[in-house]
Amino acid sequence: MPGLRQPSVDREVVALTASTTLSNYDLGKTFTNRGASGSITITLPTASGDNAGGEIRVRVVADQTVVVNSATNDKIVIFNDAAADSVAWQTSGEKIGGGGMFESDGTNWFFSAINAGANTVTTAT
């Protein structure tokens, strides 16, 4: 199963220091920006039947901007917006501890915030 280390079911954690585009092989993984010296952009795979039910988690560790983009515009569902393009943690003093989970239903990515406090999440549409 992608993203899981065998023989246990521990979630694989990947530290990113540069922007990257994810694939379906990254389902089940947690991505952080630990060690990043600048902002990074993470692009989700295109939502499809191949990744329906899959999830990707993002956690902000370094005090740098993290943007998560949909590979196709208008495919992220976030609070009060069914057609967002991206989600970002970029507000000064409100990045560390921020994060979220992105779950695919085969058509969209549904975003759920997993924050350490009052982190501000910015949405672009």
# chains A, B, ... in the order shown; residues from 1 in each chain; ligands from 1
$ select_by_dssp --residues "chain A" --states "strand (DSSP E)" --output "ChimeraX atom specification"
/A:13-15,20-21,30-32,40-43,55-59,66-69,76-78,81-84,86-89,99-104,109-113,122-124
$ residues_around --residues "stretch 36-49 of chain A" --least-positions-apart "4" --cutoff "7 Å" --atoms "only C-alpha atoms" --output "list in words"
Leu16, Thr17, Ala18, Ser19, Thr20, Thr21, Leu22, Ser23, Asn24, Ala62, Gln64, Thr65, Val66, Val67, Val68, Asn69, Ser70, Ala71, Thr72, Ser104, Gly106, Thr107, Asn108 and Trp109 of chain A
$ write_last_selection --atoms "N, CA and C atoms" --output "tab-separated table (two decimals), in the first residue's frame"
chain	number	residue	atom	x	y	z
A	16	LEU	N	10.20	18.03	3.04
A	16	LEU	CA	10.45	18.69	1.76
A	16	LEU	C	11.16	20.02	2.00
A	17	THR	N	12.19	20.30	1.23
A	17	THR	CA	12.87	21.59	1.32
A	17	THR	C	12.73	22.38	0.02
A	18	ALA	N	12.02	21.81	-0.94
A	18	ALA	CA	11.78	22.48	-2.22
A	18	ALA	C	10.40	22.09	-2.71
A	19	SER	N	9.90	22.85	-3.65
A	19	SER	CA	8.58	22.57	-4.22
A	19	SER	C	8.58	21.21	-4.91
A	20	THR	N	7.42	20.56	-4.93
A	20	THR	CA	7.32	19.22	-5.52
A	20	THR	C	5.91	18.96	-6.02
A	21	THR	N	5.81	18.05	-6.96
A	21	THR	CA	4.52	17.57	-7.45
A	21	THR	C	4.38	16.13	-6.99
A	22	LEU	N	3.27	15.85	-6.32
A	22	LEU	CA	3.04	14.51	-5.79
A	22	LEU	C	2.35	13.62	-6.81
A	23	SER	N	2.43	12.31	-6.57
A	23	SER	CA	1.75	11.34	-7.43
A	23	SER	C	0.90	10.43	-6.54
A	24	ASN	N	0.20	9.51	-7.17
A	24	ASN	CA	-0.61	8.58	-6.40
A	24	ASN	C	0.24	7.70	-5.48
A	62	ALA	N	8.79	24.39	9.68
A	62	ALA	CA	9.67	25.55	9.54
A	62	ALA	C	8.82	26.80	9.33
A	64	GLN	N	8.22	28.94	7.28
A	64	GLN	CA	8.24	29.31	5.87
A	64	GLN	C	6.86	29.06	5.28
A	65	THR	N	6.52	29.77	4.24
A	65	THR	CA	5.22	29.61	3.59
A	65	THR	C	5.12	28.23	2.93
A	66	VAL	N	3.96	27.59	3.11
A	66	VAL	CA	3.66	26.32	2.45
A	66	VAL	C	2.34	26.50	1.71
A	67	VAL	N	2.37	26.21	0.41
A	67	VAL	CA	1.19	26.29	-0.44
A	67	VAL	C	0.91	24.90	-0.98
A	68	VAL	N	-0.34	24.47	-0.91
A	68	VAL	CA	-0.75	23.20	-1.51
A	68	VAL	C	-1.70	23.52	-2.65
A	69	ASN	N	-1.29	23.15	-3.87
A	69	ASN	CA	-2.07	23.42	-5.08
A	69	ASN	C	-2.76	22.16	-5.56
A	70	SER	N	-3.88	22.35	-6.20
A	70	SER	CA	-4.53	21.27	-6.92
A	70	SER	C	-3.91	21.23	-8.32
A	71	ALA	N	-3.66	20.03	-8.84
A	71	ALA	CA	-3.07	19.92	-10.19
A	71	ALA	C	-4.01	20.52	-11.23
A	72	THR	N	-5.31	20.46	-10.96
A	72	THR	CA	-6.32	21.05	-11.83
A	72	THR	C	-7.05	22.12	-11.03
A	104	SER	N	-9.12	12.48	-1.29
A	104	SER	CA	-9.71	12.45	-2.63
A	104	SER	C	-10.98	11.62	-2.64
A	106	GLY	N	-12.11	11.11	-5.79
A	106	GLY	CA	-12.03	10.78	-7.20
A	106	GLY	C	-12.35	11.94	-8.11
A	107	THR	N	-12.99	12.98	-7.56
A	107	THR	CA	-13.33	14.18	-8.33
A	107	THR	C	-12.66	15.41	-7.75
A	108	ASN	N	-12.61	15.50	-6.42
A	108	ASN	CA	-12.04	16.65	-5.72
A	108	ASN	C	-11.13	16.18	-4.60
A	109	TRP	N	-10.39	17.14	-4.04
A	109	TRP	CA	-9.64	16.93	-2.81
A	109	TRP	C	-10.35	17.70	-1.70
$ closest_residue --among "A:Arg59, A:Lys29, A:Arg11, A:Arg34" --to "A:Gly99" --atoms "only C-alpha atoms"
A:Arg59
$ closest_residue --among "A:Lys75, A:Gly53, A:Glu12, A:Lys95" --to "A:Asn33" --atoms "only C-alpha atoms"
A:Lys95
$ residues_around --residues "A:Gly54" --least-positions-apart "2" --cutoff "7 Å" --atoms "only C-alpha atoms" --output "count of residues only"
6
$ atom_distance --atom1 "atom CA of A:Phe79" --atom2 "atom CA of A:Phe110"
9.4 Å
$ closest_residue --among "A:Ser112, A:Thr125, A:Asn119, A:Thr32" --to "A:Asp81" --atoms "only C-alpha atoms"
A:Thr125
$ atom_distance --atom1 "atom CA of A:Ala88" --atom2 "atom CA of A:Asp10"
26.4 Å
$ atom_distance --atom1 "atom CA of A:Val13" --atom2 "atom CA of A:Tyr25"
13.3 Å
$ residues_around --residues "A:Ile114" --least-positions-apart "5" --cutoff "8 Å" --atoms "only C-alpha atoms" --output "list in words"
Gly98, Gly99, Gly100 and Met101 of chain A
$ write_last_selection --atoms "N, CA and C atoms" --output "PDB file, in the first residue's frame"
ATOM      1  N   GLY A  98       0.780  24.527  11.771  1.00  0.00           N
ATOM      2  CA  GLY A  98      -0.349  24.438  10.854  1.00  0.00           C
ATOM      3  C   GLY A  98      -0.270  23.165  10.035  1.00  0.00           C
ATOM      4  N   GLY A  99      -1.347  22.833   9.428  1.00  0.00           N
ATOM      5  CA  GLY A  99      -1.349  21.660   8.574  1.00  0.00           C
ATOM      6  C   GLY A  99      -2.750  21.253   8.204  1.00  0.00           C
ATOM      7  N   GLY A 100      -2.824  20.195   7.430  1.00  0.00           N
ATOM      8  CA  GLY A 100      -4.124  19.713   7.028  1.00  0.00           C
ATOM      9  C   GLY A 100      -4.041  18.385   6.318  1.00  0.00           C
ATOM     10  N   MET A 101      -5.217  17.817   6.113  1.00  0.00           N
ATOM     11  CA  MET A 101      -5.344  16.556   5.406  1.00  0.00           C
ATOM     12  C   MET A 101      -6.154  16.795   4.140  1.00  0.00           C
TER      13      MET A 101
END
$ decode --residues "stretch 69-103 of chain A" --atoms "N, CA, C and O atoms" --output "compact mmCIF listing (two decimals), in the first residue's frame"
# COMPACT_ATOMS: atom_id res chain seq x y z
N ASN A 69 -1.29 23.15 -3.87
CA ASN A 69 -2.07 23.42 -5.08
C ASN A 69 -2.76 22.16 -5.56
O ASN A 69 -2.22 21.06 -5.43
N SER A 70 -3.88 22.35 -6.20
CA SER A 70 -4.53 21.27 -6.92
C SER A 70 -3.91 21.23 -8.32
O SER A 70 -3.65 22.28 -8.91
N ALA A 71 -3.66 20.03 -8.84
CA ALA A 71 -3.07 19.92 -10.19
C ALA A 71 -4.01 20.52 -11.23
O ALA A 71 -3.56 21.02 -12.25
N THR A 72 -5.31 20.46 -10.96
CA THR A 72 -6.32 21.05 -11.83
C THR A 72 -7.05 22.12 -11.03
O THR A 72 -7.44 21.87 -9.89
N ASN A 73 -7.23 23.29 -11.59
CA ASN A 73 -7.91 24.38 -10.87
C ASN A 73 -9.29 23.97 -10.39
O ASN A 73 -9.96 23.15 -11.00
N ASP A 74 -9.70 24.58 -9.28
CA ASP A 74 -11.05 24.45 -8.73
C ASP A 74 -11.36 23.05 -8.20
O ASP A 74 -12.52 22.63 -8.20
N LYS A 75 -10.37 22.30 -7.72
CA LYS A 75 -10.61 20.92 -7.30
C LYS A 75 -10.38 20.68 -5.81
O LYS A 75 -10.39 19.55 -5.36
N ILE A 76 -10.18 21.75 -5.02
CA ILE A 76 -10.05 21.60 -3.57
C ILE A 76 -11.33 22.12 -2.92
O ILE A 76 -11.78 23.22 -3.23
N VAL A 77 -11.91 21.31 -2.05
CA VAL A 77 -13.10 21.71 -1.30
C VAL A 77 -12.65 22.08 0.10
O VAL A 77 -12.04 21.28 0.80
N ILE A 78 -12.89 23.33 0.48
CA ILE A 78 -12.51 23.85 1.78
C ILE A 78 -13.74 24.54 2.36
O ILE A 78 -14.71 24.78 1.65
N PHE A 79 -13.72 24.88 3.61
CA PHE A 79 -14.86 25.52 4.25
C PHE A 79 -15.40 26.66 3.40
O PHE A 79 -14.68 27.59 3.05
N ASN A 80 -16.64 26.56 3.03
CA ASN A 80 -17.37 27.59 2.30
C ASN A 80 -16.85 27.86 0.89
O ASN A 80 -17.10 28.91 0.32
N ASP A 81 -16.10 26.92 0.31
CA ASP A 81 -15.61 27.07 -1.06
C ASP A 81 -15.46 25.69 -1.68
O ASP A 81 -14.59 24.92 -1.29
N ALA A 82 -16.32 25.36 -2.63
CA ALA A 82 -16.30 24.05 -3.28
C ALA A 82 -15.40 24.01 -4.50
O ALA A 82 -15.32 22.99 -5.18
N ALA A 83 -14.69 25.10 -4.79
CA ALA A 83 -13.86 25.15 -6.01
C ALA A 83 -12.60 25.96 -5.78
O ALA A 83 -12.28 26.87 -6.53
N ALA A 84 -11.84 25.63 -4.74
CA ALA A 84 -10.59 26.34 -4.45
C ALA A 84 -9.46 25.79 -5.31
O ALA A 84 -9.48 24.63 -5.73
N ASP A 85 -8.46 26.63 -5.57
CA ASP A 85 -7.27 26.23 -6.32
C ASP A 85 -6.13 25.81 -5.41
O ASP A 85 -5.33 24.94 -5.76
N SER A 86 -6.04 26.47 -4.24
CA SER A 86 -4.91 26.18 -3.34
C SER A 86 -5.27 26.53 -1.90
O SER A 86 -6.22 27.26 -1.64
N VAL A 87 -4.46 25.99 -1.01
CA VAL A 87 -4.53 26.27 0.42
C VAL A 87 -3.12 26.65 0.84
O VAL A 87 -2.15 26.04 0.39
N ALA A 88 -2.98 27.69 1.69
CA ALA A 88 -1.64 28.13 2.08
C ALA A 88 -1.56 28.51 3.55
O ALA A 88 -2.53 29.00 4.12
N TRP A 89 -0.39 28.28 4.11
CA TRP A 89 -0.03 28.77 5.44
C TRP A 89 1.05 29.79 5.18
O TRP A 89 2.19 29.45 4.89
N GLN A 90 0.69 31.07 5.24
CA GLN A 90 1.62 32.13 4.85
C GLN A 90 1.55 33.36 5.73
O GLN A 90 2.32 34.30 5.53
N THR A 91 0.66 33.38 6.71
CA THR A 91 0.52 34.53 7.58
C THR A 91 1.66 34.56 8.59
O THR A 91 1.87 33.57 9.31
N SER A 92 2.38 35.66 8.65
CA SER A 92 3.51 35.80 9.57
C SER A 92 3.10 35.47 10.99
O SER A 92 2.08 35.96 11.48
N GLY A 93 3.87 34.64 11.65
CA GLY A 93 3.61 34.27 13.04
C GLY A 93 2.50 33.23 13.20
O GLY A 93 2.14 32.90 14.33
N GLU A 94 1.96 32.71 12.10
CA GLU A 94 0.85 31.75 12.19
C GLU A 94 1.06 30.55 11.27
O GLU A 94 0.10 29.98 10.75
N LYS A 95 2.32 30.18 11.07
CA LYS A 95 2.62 29.06 10.17
C LYS A 95 2.94 27.78 10.94
O LYS A 95 2.33 26.74 10.68
N ILE A 96 3.89 27.85 11.87
CA ILE A 96 4.37 26.66 12.57
C ILE A 96 3.21 25.99 13.30
O ILE A 96 2.43 26.64 13.99
N GLY A 97 3.11 24.67 13.12
CA GLY A 97 2.03 23.91 13.74
C GLY A 97 0.80 23.79 12.87
O GLY A 97 -0.11 23.05 13.19
N GLY A 98 0.78 24.53 11.77
CA GLY A 98 -0.35 24.44 10.85
C GLY A 98 -0.27 23.16 10.04
O GLY A 98 0.76 22.50 9.97
N GLY A 99 -1.35 22.83 9.43
CA GLY A 99 -1.35 21.66 8.57
C GLY A 99 -2.75 21.25 8.20
O GLY A 99 -3.73 21.88 8.61
N GLY A 100 -2.82 20.19 7.43
CA GLY A 100 -4.12 19.71 7.03
C GLY A 100 -4.04 18.38 6.32
O GLY A 100 -2.97 17.89 5.99
N MET A 101 -5.22 17.82 6.11
CA MET A 101 -5.34 16.56 5.41
C MET A 101 -6.15 16.80 4.14
O MET A 101 -7.14 17.54 4.15
N PHE A 102 -5.72 16.18 3.06
CA PHE A 102 -6.39 16.27 1.77
C PHE A 102 -6.86 14.87 1.40
O PHE A 102 -6.03 13.97 1.26
N GLU A 103 -8.17 14.69 1.25
CA GLU A 103 -8.75 13.39 0.92
C GLU A 103 -9.42 13.46 -0.45
O GLU A 103 -10.21 14.36 -0.70
